Each structure stands twice: as structure tokens, then as C-alpha cells.
>>> print(open('structure_33.pdb').read())   # PDB, C-alpha atoms
ATOM      1  CA  MET W   1     -14.722 -10.333  -0.838
ATOM      2  CA  ALA W   2     -11.874 -11.421  -3.090
ATOM      3  CA  ASP W   3      -8.825  -9.196  -3.150
ATOM      4  CA  HIS W   4      -8.771  -6.899  -6.140
ATOM      5  CA  PRO W   5      -5.875  -7.687  -8.492
ATOM      6  CA  ASN W   6      -4.844  -4.023  -8.857
ATOM      7  CA  PRO W   7      -4.975  -1.363  -6.124
ATOM      8  CA  ASP W   8      -6.260   1.234  -8.622
ATOM      9  CA  GLY W   9      -9.224  -0.953  -9.569
ATOM     10  CA  THR W  10      -8.129  -1.551 -13.156
ATOM     11  CA  VAL W  11      -7.879  -4.950 -14.804
ATOM     12  CA  ASP W  12      -6.947  -6.180 -18.277
ATOM     13  CA  LEU W  13     -10.095  -7.502 -19.959
ATOM     14  CA  GLY W  14      -8.014  -9.139 -22.693
ATOM     15  CA  PRO W  15      -7.492 -12.624 -21.234
ATOM     16  CA  GLN W  16     -11.185 -13.045 -20.430
ATOM     17  CA  ALA W  17     -12.279 -11.602 -23.787
ATOM     18  CA  ARG W  18      -9.975 -14.021 -25.625
ATOM     19  CA  LEU W  19     -11.296 -16.924 -23.573
ATOM     20  CA  LEU W  20     -14.860 -16.002 -24.449
ATOM     21  CA  ALA W  21     -13.897 -15.770 -28.136
ATOM     22  CA  ARG W  22     -12.375 -19.270 -27.957
ATOM     23  CA  LEU W  23     -15.531 -20.640 -26.359
ATOM     24  CA  ALA W  24     -17.610 -19.084 -29.123
ATOM     25  CA  GLU W  25     -15.297 -20.526 -31.752
ATOM     26  CA  GLN W  26     -16.147 -24.037 -30.515
ATOM     27  CA  VAL W  27     -19.902 -23.503 -30.823
ATOM     28  CA  GLU W  28     -21.365 -25.748 -33.527
ATOM     29  CA  ASP W  29     -24.420 -24.797 -35.556
ATOM     30  CA  THR W  30     -26.229 -27.658 -33.789
ATOM     31  CA  HIS W  31     -25.747 -25.819 -30.476
ATOM     32  CA  LEU W  32     -27.518 -22.618 -31.542
ATOM     33  CA  ASP W  33     -31.005 -23.635 -30.443
ATOM     34  CA  ALA W  34     -29.875 -25.281 -27.188
ATOM     35  CA  PRO W  35     -31.024 -23.802 -23.847
ATOM     36  CA  THR W  36     -28.705 -21.758 -21.649
ATOM     37  CA  PRO W  37     -28.643 -20.800 -17.955
ATOM     38  CA  CYS W  38     -30.322 -17.530 -19.055
ATOM     39  CA  PRO W  39     -33.951 -18.731 -19.032
ATOM     40  CA  GLU W  40     -35.152 -16.746 -22.063
ATOM     41  CA  TYR W  41     -32.049 -17.306 -24.192
ATOM     42  CA  ALA W  42     -31.053 -20.094 -26.526
ATOM     43  CA  VAL W  43     -27.359 -20.213 -27.420
ATOM     44  CA  ARG W  44     -27.988 -18.026 -30.487
ATOM     45  CA  ASN W  45     -29.562 -15.317 -28.302
ATOM     46  CA  LEU W  46     -26.732 -15.523 -25.788
ATOM     47  CA  LEU W  47     -24.172 -15.089 -28.563
ATOM     48  CA  GLY W  48     -26.155 -12.164 -29.937
ATOM     49  CA  HIS W  49     -26.214 -10.598 -26.477
ATOM     50  CA  ILE W  50     -22.458 -11.066 -26.053
ATOM     51  CA  GLY W  51     -21.842  -9.430 -29.412
ATOM     52  CA  GLY W  52     -24.043  -6.483 -28.512
ATOM     53  CA  LEU W  53     -22.507  -5.950 -25.094
ATOM     54  CA  ALA W  54     -18.994  -6.147 -26.543
ATOM     55  CA  VAL W  55     -19.795  -3.226 -28.855
ATOM     56  CA  ALA W  56     -21.642  -1.262 -26.156
ATOM     57  CA  PHE W  57     -18.887  -1.559 -23.553
ATOM     58  CA  ARG W  58     -16.200  -0.901 -26.174
ATOM     59  CA  ASP W  59     -17.931   2.356 -27.029
ATOM     60  CA  ALA W  60     -18.423   3.101 -23.329
ATOM     61  CA  ALA W  61     -14.646   2.910 -22.885
ATOM     62  CA  ARG W  62     -14.223   5.270 -25.841
ATOM     63  CA  LYS W  63     -16.825   7.670 -24.345
ATOM     64  CA  VAL W  64     -18.953   7.377 -27.488
ATOM     65  CA  SER W  65     -22.456   8.799 -27.233
ATOM     66  CA  GLY W  66     -24.922   7.219 -29.631
ATOM     67  CA  PRO W  67     -27.219   4.248 -30.225
ATOM     68  CA  THR W  68     -24.670   1.687 -29.016
ATOM     69  CA  THR W  69     -24.434   3.292 -25.574
ATOM     70  CA  ASP W  70     -27.682   5.216 -25.179
ATOM     71  CA  THR W  71     -30.097   2.385 -25.951
ATOM     72  CA  ALA W  72     -31.473   0.526 -22.936
ATOM     73  CA  PRO W  73     -31.837  -3.253 -23.228
ATOM     74  CA  GLY W  74     -35.198  -4.029 -24.777
ATOM     75  CA  GLY W  75     -37.598  -6.882 -24.294
ATOM     76  CA  ALA W  76     -36.831  -8.481 -27.666
ATOM     77  CA  LEU W  77     -34.453 -11.431 -27.759
ATOM     78  CA  PRO W  78     -31.004 -10.544 -29.131
ATOM     79  CA  GLU W  79     -30.489 -11.501 -32.753
ATOM     80  CA  LEU W  80     -27.393 -13.303 -34.011
ATOM     81  CA  ASP W  81     -25.760 -11.728 -37.051
ATOM     82  CA  ALA W  82     -25.091 -14.007 -40.000
ATOM     83  CA  ASP W  83     -21.358 -13.187 -39.849
ATOM     84  CA  TRP W  84     -21.095 -13.575 -36.073
ATOM     85  CA  ARG W  85     -18.146 -15.950 -36.308
ATOM     86  CA  THR W  86     -16.080 -13.096 -37.739
ATOM     87  CA  GLN W  87     -17.647 -10.156 -35.945
ATOM     88  CA  LEU W  88     -17.833 -11.523 -32.385
ATOM     89  CA  PRO W  89     -14.109 -12.148 -31.830
ATOM     90  CA  LYS W  90     -13.345  -8.792 -33.468
ATOM     91  CA  ALA W  91     -15.737  -6.965 -31.128
ATOM     92  CA  LEU W  92     -14.300  -8.749 -28.086
ATOM     93  CA  ASP W  93     -10.740  -7.799 -29.109
ATOM     94  CA  GLU W  94     -11.812  -4.179 -29.594
ATOM     95  CA  LEU W  95     -13.555  -4.189 -26.208
ATOM     96  CA  ALA W  96     -10.408  -5.317 -24.416
ATOM     97  CA  ALA W  97      -8.209  -2.857 -26.323
ATOM     98  CA  ALA W  98     -10.508   0.069 -25.528
ATOM     99  CA  TRP W  99     -10.291  -0.541 -21.773
ATOM    100  CA  ARG W 100      -6.469  -0.703 -21.888
ATOM    101  CA  ASP W 101      -6.486   3.065 -22.377
ATOM    102  CA  PRO W 102      -6.059   4.604 -18.889
ATOM    103  CA  ASP W 103      -8.379   7.443 -19.910
ATOM    104  CA  ALA W 104     -11.204   4.936 -20.371
ATOM    105  CA  TRP W 105     -11.318   4.436 -16.594
ATOM    106  CA  GLN W 106     -11.651   8.152 -15.822
ATOM    107  CA  GLY W 107     -14.772  10.257 -15.440
ATOM    108  CA  GLU W 108     -18.224   8.962 -16.336
ATOM    109  CA  THR W 109     -19.540   7.038 -19.302
ATOM    110  CA  ARG W 110     -22.697   5.421 -20.644
ATOM    111  CA  ALA W 111     -23.857   1.955 -21.663
ATOM    112  CA  GLY W 112     -27.323   0.471 -21.809
ATOM    113  CA  GLY W 113     -28.777   3.939 -21.411
ATOM    114  CA  LEU W 114     -27.186   4.353 -17.965
ATOM    115  CA  THR W 115     -24.498   6.777 -16.871
ATOM    116  CA  LEU W 116     -21.989   5.441 -14.338
ATOM    117  CA  PRO W 117     -18.455   6.149 -13.181
ATOM    118  CA  ALA W 118     -16.248   4.702 -15.906
ATOM    119  CA  ALA W 119     -14.435   2.377 -13.492
ATOM    120  CA  VAL W 120     -17.765   0.918 -12.357
ATOM    121  CA  MET W 121     -18.830   0.489 -15.986
ATOM    122  CA  ALA W 122     -15.610  -1.411 -16.652
ATOM    123  CA  HIS W 123     -16.388  -3.770 -13.792
ATOM    124  CA  VAL W 124     -19.883  -4.315 -15.198
ATOM    125  CA  ALA W 125     -18.227  -5.292 -18.487
ATOM    126  CA  VAL W 126     -15.890  -7.704 -16.701
ATOM    127  CA  ASP W 127     -18.830  -9.286 -14.885
ATOM    128  CA  GLU W 128     -20.662  -9.739 -18.188
ATOM    129  CA  LEU W 129     -17.656 -11.449 -19.758
ATOM    130  CA  VAL W 130     -17.123 -13.795 -16.809
ATOM    131  CA  VAL W 131     -20.738 -14.786 -16.201
ATOM    132  CA  HIS W 132     -21.721 -15.119 -19.855
ATOM    133  CA  GLY W 133     -18.566 -17.115 -20.477
ATOM    134  CA  TRP W 134     -19.849 -19.558 -17.882
ATOM    135  CA  ASP W 135     -23.304 -19.497 -19.484
ATOM    136  CA  LEU W 136     -21.882 -20.317 -22.907
ATOM    137  CA  ALA W 137     -19.558 -23.022 -21.634
ATOM    138  CA  ARG W 138     -22.337 -24.737 -19.691
ATOM    139  CA  ALA W 139     -24.785 -24.527 -22.584
ATOM    140  CA  THR W 140     -22.319 -26.070 -25.042
ATOM    141  CA  GLY W 141     -20.590 -28.611 -22.786
ATOM    142  CA  GLN W 142     -17.202 -26.905 -22.645
ATOM    143  CA  GLU W 143     -14.712 -26.656 -19.792
ATOM    144  CA  TYR W 144     -14.489 -23.215 -18.213
ATOM    145  CA  ALA W 145     -11.768 -21.586 -16.153
ATOM    146  CA  PRO W 146     -12.112 -17.786 -16.273
ATOM    147  CA  ASP W 147      -9.198 -15.411 -16.049
ATOM    148  CA  PRO W 148      -8.415 -15.194 -12.308
ATOM    149  CA  ALA W 149      -8.059 -11.404 -12.210
ATOM    150  CA  CYS W 150     -11.354 -10.880 -14.047
ATOM    151  CA  LEU W 151     -13.078 -13.446 -11.839
ATOM    152  CA  ALA W 152     -11.929 -11.553  -8.732
ATOM    153  CA  VAL W 153     -13.329  -8.302 -10.142
ATOM    154  CA  ALA W 154     -16.606  -9.955 -11.149
ATOM    155  CA  TYR W 155     -17.029 -11.526  -7.719
ATOM    156  CA  GLY W 156     -16.374  -8.194  -6.009
ATOM    157  CA  PHE W 157     -18.912  -6.446  -8.225
ATOM    158  CA  LEU W 158     -21.532  -9.130  -7.642
ATOM    159  CA  ASP W 159     -20.852  -9.227  -3.905
ATOM    160  CA  GLN W 160     -21.596  -5.497  -3.691
ATOM    161  CA  SER W 161     -24.944  -6.195  -5.405
ATOM    162  CA  ARG W 162     -25.954  -8.884  -2.917
ATOM    163  CA  ALA W 163     -28.705  -6.873  -1.163
ATOM    164  CA  PRO W 164     -32.196  -7.276  -2.713
ATOM    165  CA  GLU W 165     -32.525  -3.525  -3.243
ATOM    166  CA  SER W 166     -29.312  -3.575  -5.301
ATOM    167  CA  ARG W 167     -30.392  -6.376  -7.611
ATOM    168  CA  GLY W 168     -32.580  -4.339  -9.947
ATOM    169  CA  THR W 169     -33.819  -6.242 -12.985
ATOM    170  CA  ILE W 170     -30.372  -7.453 -14.034
ATOM    171  CA  PHE W 171     -29.882 -10.291 -11.561
ATOM    172  CA  GLY W 172     -32.171 -12.961 -10.218
ATOM    173  CA  PRO W 173     -32.340 -13.750  -6.509
ATOM    174  CA  VAL W 174     -29.034 -14.840  -4.991
ATOM    175  CA  VAL W 175     -28.531 -18.599  -5.033
ATOM    176  CA  ASP W 176     -26.941 -19.721  -1.765
ATOM    177  CA  VAL W 177     -23.557 -21.334  -2.319
ATOM    178  CA  PRO W 178     -21.323 -22.591   0.529
ATOM    179  CA  ASP W 179     -18.507 -20.251   1.560
ATOM    180  CA  ALA W 180     -16.038 -23.071   0.955
ATOM    181  CA  ALA W 181     -17.127 -23.455  -2.679
ATOM    182  CA  PRO W 182     -14.802 -22.308  -5.480
ATOM    183  CA  LEU W 183     -14.861 -18.566  -6.178
ATOM    184  CA  LEU W 184     -16.464 -19.128  -9.584
ATOM    185  CA  ASP W 185     -19.357 -21.060  -8.038
ATOM    186  CA  ARG W 186     -19.882 -18.297  -5.476
ATOM    187  CA  ALA W 187     -19.857 -15.641  -8.209
ATOM    188  CA  ILE W 188     -22.347 -17.621 -10.288
ATOM    189  CA  GLY W 189     -24.624 -17.966  -7.260
ATOM    190  CA  LEU W 190     -24.459 -14.218  -6.687
ATOM    191  CA  SER W 191     -25.478 -13.711 -10.320
ATOM    192  CA  GLY W 192     -28.701 -15.603  -9.607
ATOM    193  CA  ARG W 193     -27.673 -18.830 -11.337
ATOM    194  CA  HIS W 194     -27.286 -22.364  -9.999
ATOM    195  CA  PRO W 195     -23.629 -23.437 -10.264
ATOM    196  CA  ASP W 196     -24.727 -27.033 -10.998
ATOM    197  CA  TRP W 197     -26.864 -26.027 -14.014
ATOM    198  CA  THR W 198     -26.591 -28.501 -16.880
TER     199      THR W 198
END
>>> encode(input="structure_33.pdb", output="C-alpha cells")
Amino acid sequence: MADHPNPDGTVDLGPQARLLARLAEQVEDTHLDAPTPCPEYAVRNLLGHIGGLAVAFRDAARKVSGPTTDTAPGGALPELDADWRTQLPKALDELAAAWRDPDAWQGETRAGGLTLPAAVMAHVAVDELVVHGWDLARATGQEYAPDPACLAVAYGFLDQSRAPESRGTIFGPVVDVPDAAPLLDRAIGLSGRHPDWT
């Protein structure tokens, strides 16, 4: 497992959130119907999902109880708001700011209809930002180098979910990636994706 960047388990989500916002900024309208490494999602659905998770995990950090945190993911494809180019970077900034509050990491909180220790929920959010950043970059032909601290957290979270009984419905089967491969490739394999997806 990669070393955690901070002994207390915390990490600044800001660099990864800003990177994801920059990737989204480069998405052209012609990309919106393109496929992504998420089999059911076109780029527009992936962006809609990122926007939704940014709000949900922001509110999880704030310990908000309501539709944004109590609603489990449904079977419908995520919709992309008409003003997503304004709203998505704003939501990502707010997500990162919310988790900079030390109190956000304490106790328990909810997102996606699940209650978890807040520190675990934060790591779920980091994993979402790292893996979906890769998804978006691959789908739109952009270079991708995630924030190293967030990548280490995401890899650690995914590595703990390696056993089949821990996969749930969130991840596909682990894709075997050589131990000598870059950490990002190994994390992507643990997420159930093929690192060479194009």
C-alpha cells in the first residue's frame, strides 16, 4: 500500500478538485456524447455524476442531512445541467473547502444514503475525484497526472476494497496490473478499469 501523506489520515482535496475542474473546462460540446471508461456513461453523464457527487460529498463534510446526502444512487443516468460549466467548478471548489474544516473529518456522516465514519467518507470522495478525473481525461483525450497525495489516498482506499466481498456494486472486478506499473495504473486496475482504455 502507498504511504499515506498525513499520519492523521487527512488530505487536502483542493489540488485534485482544481485539476478535475480544469479537465472539465477543456471538454468541448462535441465530446459530450463520446464514450467513457464507465460503460453506461457518455461524457455528459460522467460530468453530471461528478457534479452530483461534488455536492453530495460537500454536504457530507458539512454534516448536512437531506436529499443531497440521503438519496442512494439510482438506476437513471445522471443528467447534465445546462449551466454545468459554471456550476461544476463551483461545486468542486466548495467540496474541497468543506473538507478543509477539521471538524468535517470527525464523527460520522452520510452520502449516497450510507452512513460512514467521516474520515472514510472523505477518502471515498478522494477516490471519486481521482478515478473520475482519469475517466474524463481518457474520454476526452487529455493528459492526466493526479495530485500525488490524493492518488496515494485513493490507492489505499481501493487496495482495502480488493477482496471480492468488499467490492459491492460500486467497483467492477479487479483488473490485474503488474506491481511495477505506475501507482495510477494500479489504482485504476483496482477500480475495475483497464489502464490502457482508449
>>> resolve_selection(input="structure_33.pdb", expression="the PyMOL selection byres ((chain W and resi 73-79) around 10)", output="short mmCIF file (atom, residue, chain, number, x, y, z; two decimals) with C-alpha atoms, in the coordinates of the input")
data_model
loop_
_atom_site.label_atom_id
_atom_site.label_comp_id
_atom_site.auth_asym_id
_atom_site.auth_seq_id
_atom_site.Cartn_x
_atom_site.Cartn_y
_atom_site.Cartn_z
CA GLU W 40 -35.15 -16.75 -22.06
CA TYR W 41 -32.05 -17.31 -24.19
CA ALA W 42 -31.05 -20.09 -26.53
CA ARG W 44 -27.99 -18.03 -30.49
CA ASN W 45 -29.56 -15.32 -28.30
CA LEU W 46 -26.73 -15.52 -25.79
CA LEU W 47 -24.17 -15.09 -28.56
CA GLY W 48 -26.16 -12.16 -29.94
CA HIS W 49 -26.21 -10.60 -26.48
CA ILE W 50 -22.46 -11.07 -26.05
CA GLY W 51 -21.84 -9.43 -29.41
CA GLY W 52 -24.04 -6.48 -28.51
CA LEU W 53 -22.51 -5.95 -25.09
CA ASP W 70 -27.68 5.22 -25.18
CA THR W 71 -30.10 2.38 -25.95
CA ALA W 72 -31.47 0.53 -22.94
CA LEU W 80 -27.39 -13.30 -34.01
CA ASP W 81 -25.76 -11.73 -37.05
CA ALA W 82 -25.09 -14.01 -40.00
CA ALA W 111 -23.86 1.96 -21.66
CA GLY W 112 -27.32 0.47 -21.81
CA GLY W 113 -28.78 3.94 -21.41
#
>>> closest_residue(input="structure_33.pdb", among="W:Leu92, W:Pro173, W:Trp99, W:Thr109", to="Gln16 in chain W", atoms="only C-alpha atoms")
W:Leu92
>>> closest_residue(input="structure_33.pdb", among="W:Gln106, W:Ala145, W:Leu190, W:Gly66", to="Pro178 in chain W", atoms="only C-alpha atoms")
W:Leu190
>>> closest_residue(input="structure_33.pdb", among="W:Arg138, W:Arg162, W:Arg110, W:His123", to="Cys150 in chain W", atoms="only C-alpha atoms")
W:His123
>>> closest_residue(input="structure_33.pdb", among="W:Ala139, W:Val174, W:Leu183, W:Ala91", to="Thr36 in chain W", atoms="all atoms listed in the file")
W:Ala139
>>> closest_residue(input="structure_33.pdb", among="W:Pro35, W:Gly133, W:Pro148, W:Gly172", to="Arg193 in chain W", atoms="only C-alpha atoms")
W:Gly172
>>> atom_distance(input="structure_33.pdb", atom1="CA of Lys63 in chain W", atom2="CA of Pro89 in chain W")
21.4 Å
>>> closest_residue(input="structure_33.pdb", among="W:Ala149, W:Cys38, W:Ala181, W:Ala118", to="Val131 in chain W", atoms="all atoms listed in the file")
W:Cys38
>>> resolve_selection(input="structure_33.pdb", expression="the PyMOL selection byres ((chain W and resi 192) around 12)", output="ChimeraX atom specification")
/W:37-39,131,135,158-159,161-162,164,167-177,185-191,193-195,197
>>> atom_distance(input="structure_33.pdb", atom1="CA of Ala152 in chain W", atom2="CA of Arg18 in chain W")
17.2 Å
>>> residues_around(input="structure_33.pdb", residues="Gly14 in chain W", least_positions_apart="4", cutoff="8 Å", atoms="all atoms listed in the file", output="PyMOL selection string")
chain W and resi 18+93+96-97
>>> residues_near_point(input="structure_33.pdb", point="(-23.5, -6.1, -13.0)", cutoff="7 Å", atoms="only C-alpha atoms", output="list in words")
Val124, Asp127, Glu128, Phe157 and Leu158 of chain W
>>> residues_near_point(input="structure_33.pdb", point="(-16.0, -16.2, -37.9)", cutoff="12 Å", atoms="only C-alpha atoms", output="PDB file with C-alpha atoms, in the frame of the given file")
ATOM      1  CA  ALA W  21     -13.897 -15.770 -28.136  1.00  0.00           C
ATOM      2  CA  ARG W  22     -12.375 -19.270 -27.957  1.00  0.00           C
ATOM      3  CA  ALA W  24     -17.610 -19.084 -29.123  1.00  0.00           C
ATOM      4  CA  GLU W  25     -15.297 -20.526 -31.752  1.00  0.00           C
ATOM      5  CA  GLN W  26     -16.147 -24.037 -30.515  1.00  0.00           C
ATOM      6  CA  VAL W  27     -19.902 -23.503 -30.823  1.00  0.00           C
ATOM      7  CA  GLU W  28     -21.365 -25.748 -33.527  1.00  0.00           C
ATOM      8  CA  ASP W  81     -25.760 -11.728 -37.051  1.00  0.00           C
ATOM      9  CA  ALA W  82     -25.091 -14.007 -40.000  1.00  0.00           C
ATOM     10  CA  ASP W  83     -21.358 -13.187 -39.849  1.00  0.00           C
ATOM     11  CA  TRP W  84     -21.095 -13.575 -36.073  1.00  0.00           C
ATOM     12  CA  ARG W  85     -18.146 -15.950 -36.308  1.00  0.00           C
ATOM     13  CA  THR W  86     -16.080 -13.096 -37.739  1.00  0.00           C
ATOM     14  CA  GLN W  87     -17.647 -10.156 -35.945  1.00  0.00           C
ATOM     15  CA  LEU W  88     -17.833 -11.523 -32.385  1.00  0.00           C
ATOM     16  CA  PRO W  89     -14.109 -12.148 -31.830  1.00  0.00           C
ATOM     17  CA  LYS W  90     -13.345  -8.792 -33.468  1.00  0.00           C
ATOM     18  CA  ALA W  91     -15.737  -6.965 -31.128  1.00  0.00           C
TER      19      ALA W  91
END
>>> atom_distance(input="structure_33.pdb", atom1="CA of Thr30 in chain W", atom2="CA of Ala137 in chain W")
14.6 Å
>>> axis_aligned_box(input="structure_33.pdb", around="range 99-114 of chain W", padding_each_side="5 Å", output="JSON")
{"center_x": -17.4, "center_y": 4.8, "center_z": -18.9, "size_x": 32.7, "size_y": 21.0, "size_z": 16.9}
>>> decode(input="structure_33.pdb", residues="range 33-46 of chain W", atoms="N, CA, C and O atoms", output="PDB file, in the first residue's frame")
ATOM      1  N   ASP W  33     -21.157  13.398 -26.136  1.00  0.00           N
ATOM      2  CA  ASP W  33     -21.770  12.096 -26.426  1.00  0.00           C
ATOM      3  C   ASP W  33     -20.737  10.984 -26.610  1.00  0.00           C
ATOM      4  O   ASP W  33     -21.099   9.852 -26.946  1.00  0.00           O
ATOM      5  N   ALA W  34     -19.466  11.284 -26.352  1.00  0.00           N
ATOM      6  CA  ALA W  34     -18.408  10.287 -26.509  1.00  0.00           C
ATOM      7  C   ALA W  34     -18.471   9.268 -25.378  1.00  0.00           C
ATOM      8  O   ALA W  34     -18.901   9.580 -24.265  1.00  0.00           O
ATOM      9  N   PRO W  35     -18.023   8.032 -25.627  1.00  0.00           N
ATOM     10  CA  PRO W  35     -17.999   7.011 -24.565  1.00  0.00           C
ATOM     11  C   PRO W  35     -16.925   7.319 -23.531  1.00  0.00           C
ATOM     12  O   PRO W  35     -15.993   8.092 -23.777  1.00  0.00           O
ATOM     13  N   THR W  36     -17.068   6.689 -22.371  1.00  0.00           N
ATOM     14  CA  THR W  36     -16.102   6.843 -21.285  1.00  0.00           C
ATOM     15  C   THR W  36     -15.740   5.452 -20.758  1.00  0.00           C
ATOM     16  O   THR W  36     -16.394   4.463 -21.105  1.00  0.00           O
ATOM     17  N   PRO W  37     -14.727   5.363 -19.895  1.00  0.00           N
ATOM     18  CA  PRO W  37     -14.421   4.061 -19.284  1.00  0.00           C
ATOM     19  C   PRO W  37     -15.543   3.524 -18.392  1.00  0.00           C
ATOM     20  O   PRO W  37     -15.504   2.349 -18.019  1.00  0.00           O
ATOM     21  N   CYS W  38     -16.508   4.356 -18.017  1.00  0.00           N
ATOM     22  CA  CYS W  38     -17.693   3.894 -17.286  1.00  0.00           C
ATOM     23  C   CYS W  38     -18.693   3.395 -18.330  1.00  0.00           C
ATOM     24  O   CYS W  38     -19.238   4.214 -19.078  1.00  0.00           O
ATOM     25  N   PRO W  39     -18.919   2.093 -18.436  1.00  0.00           N
ATOM     26  CA  PRO W  39     -19.631   1.534 -19.585  1.00  0.00           C
ATOM     27  C   PRO W  39     -20.973   2.174 -19.908  1.00  0.00           C
ATOM     28  O   PRO W  39     -21.322   2.317 -21.077  1.00  0.00           O
ATOM     29  N   GLU W  40     -21.737   2.578 -18.907  1.00  0.00           N
ATOM     30  CA  GLU W  40     -23.070   3.133 -19.156  1.00  0.00           C
ATOM     31  C   GLU W  40     -23.053   4.631 -19.438  1.00  0.00           C
ATOM     32  O   GLU W  40     -24.078   5.190 -19.842  1.00  0.00           O
ATOM     33  N   TYR W  41     -21.913   5.283 -19.199  1.00  0.00           N
ATOM     34  CA  TYR W  41     -21.873   6.743 -19.246  1.00  0.00           C
ATOM     35  C   TYR W  41     -21.234   7.268 -20.519  1.00  0.00           C
ATOM     36  O   TYR W  41     -20.133   6.839 -20.892  1.00  0.00           O
ATOM     37  N   ALA W  42     -21.890   8.229 -21.159  1.00  0.00           N
ATOM     38  CA  ALA W  42     -21.222   9.122 -22.098  1.00  0.00           C
ATOM     39  C   ALA W  42     -20.577  10.238 -21.277  1.00  0.00           C
ATOM     40  O   ALA W  42     -20.798  10.359 -20.062  1.00  0.00           O
ATOM     41  N   VAL W  43     -19.805  11.086 -21.927  1.00  0.00           N
ATOM     42  CA  VAL W  43     -19.124  12.168 -21.216  1.00  0.00           C
ATOM     43  C   VAL W  43     -20.132  13.040 -20.473  1.00  0.00           C
ATOM     44  O   VAL W  43     -19.900  13.457 -19.340  1.00  0.00           O
ATOM     45  N   ARG W  44     -21.289  13.315 -21.089  1.00  0.00           N
ATOM     46  CA  ARG W  44     -22.281  14.165 -20.424  1.00  0.00           C
ATOM     47  C   ARG W  44     -22.781  13.529 -19.115  1.00  0.00           C
ATOM     48  O   ARG W  44     -22.989  14.225 -18.124  1.00  0.00           O
ATOM     49  N   ASN W  45     -22.941  12.205 -19.108  1.00  0.00           N
ATOM     50  CA  ASN W  45     -23.378  11.530 -17.885  1.00  0.00           C
ATOM     51  C   ASN W  45     -22.283  11.536 -16.830  1.00  0.00           C
ATOM     52  O   ASN W  45     -22.567  11.698 -15.637  1.00  0.00           O
ATOM     53  N   LEU W  46     -21.045  11.360 -17.270  1.00  0.00           N
ATOM     54  CA  LEU W  46     -19.922  11.403 -16.335  1.00  0.00           C
ATOM     55  C   LEU W  46     -19.821  12.778 -15.683  1.00  0.00           C
ATOM     56  O   LEU W  46     -19.650  12.885 -14.464  1.00  0.00           O
TER      57      LEU W  46
END
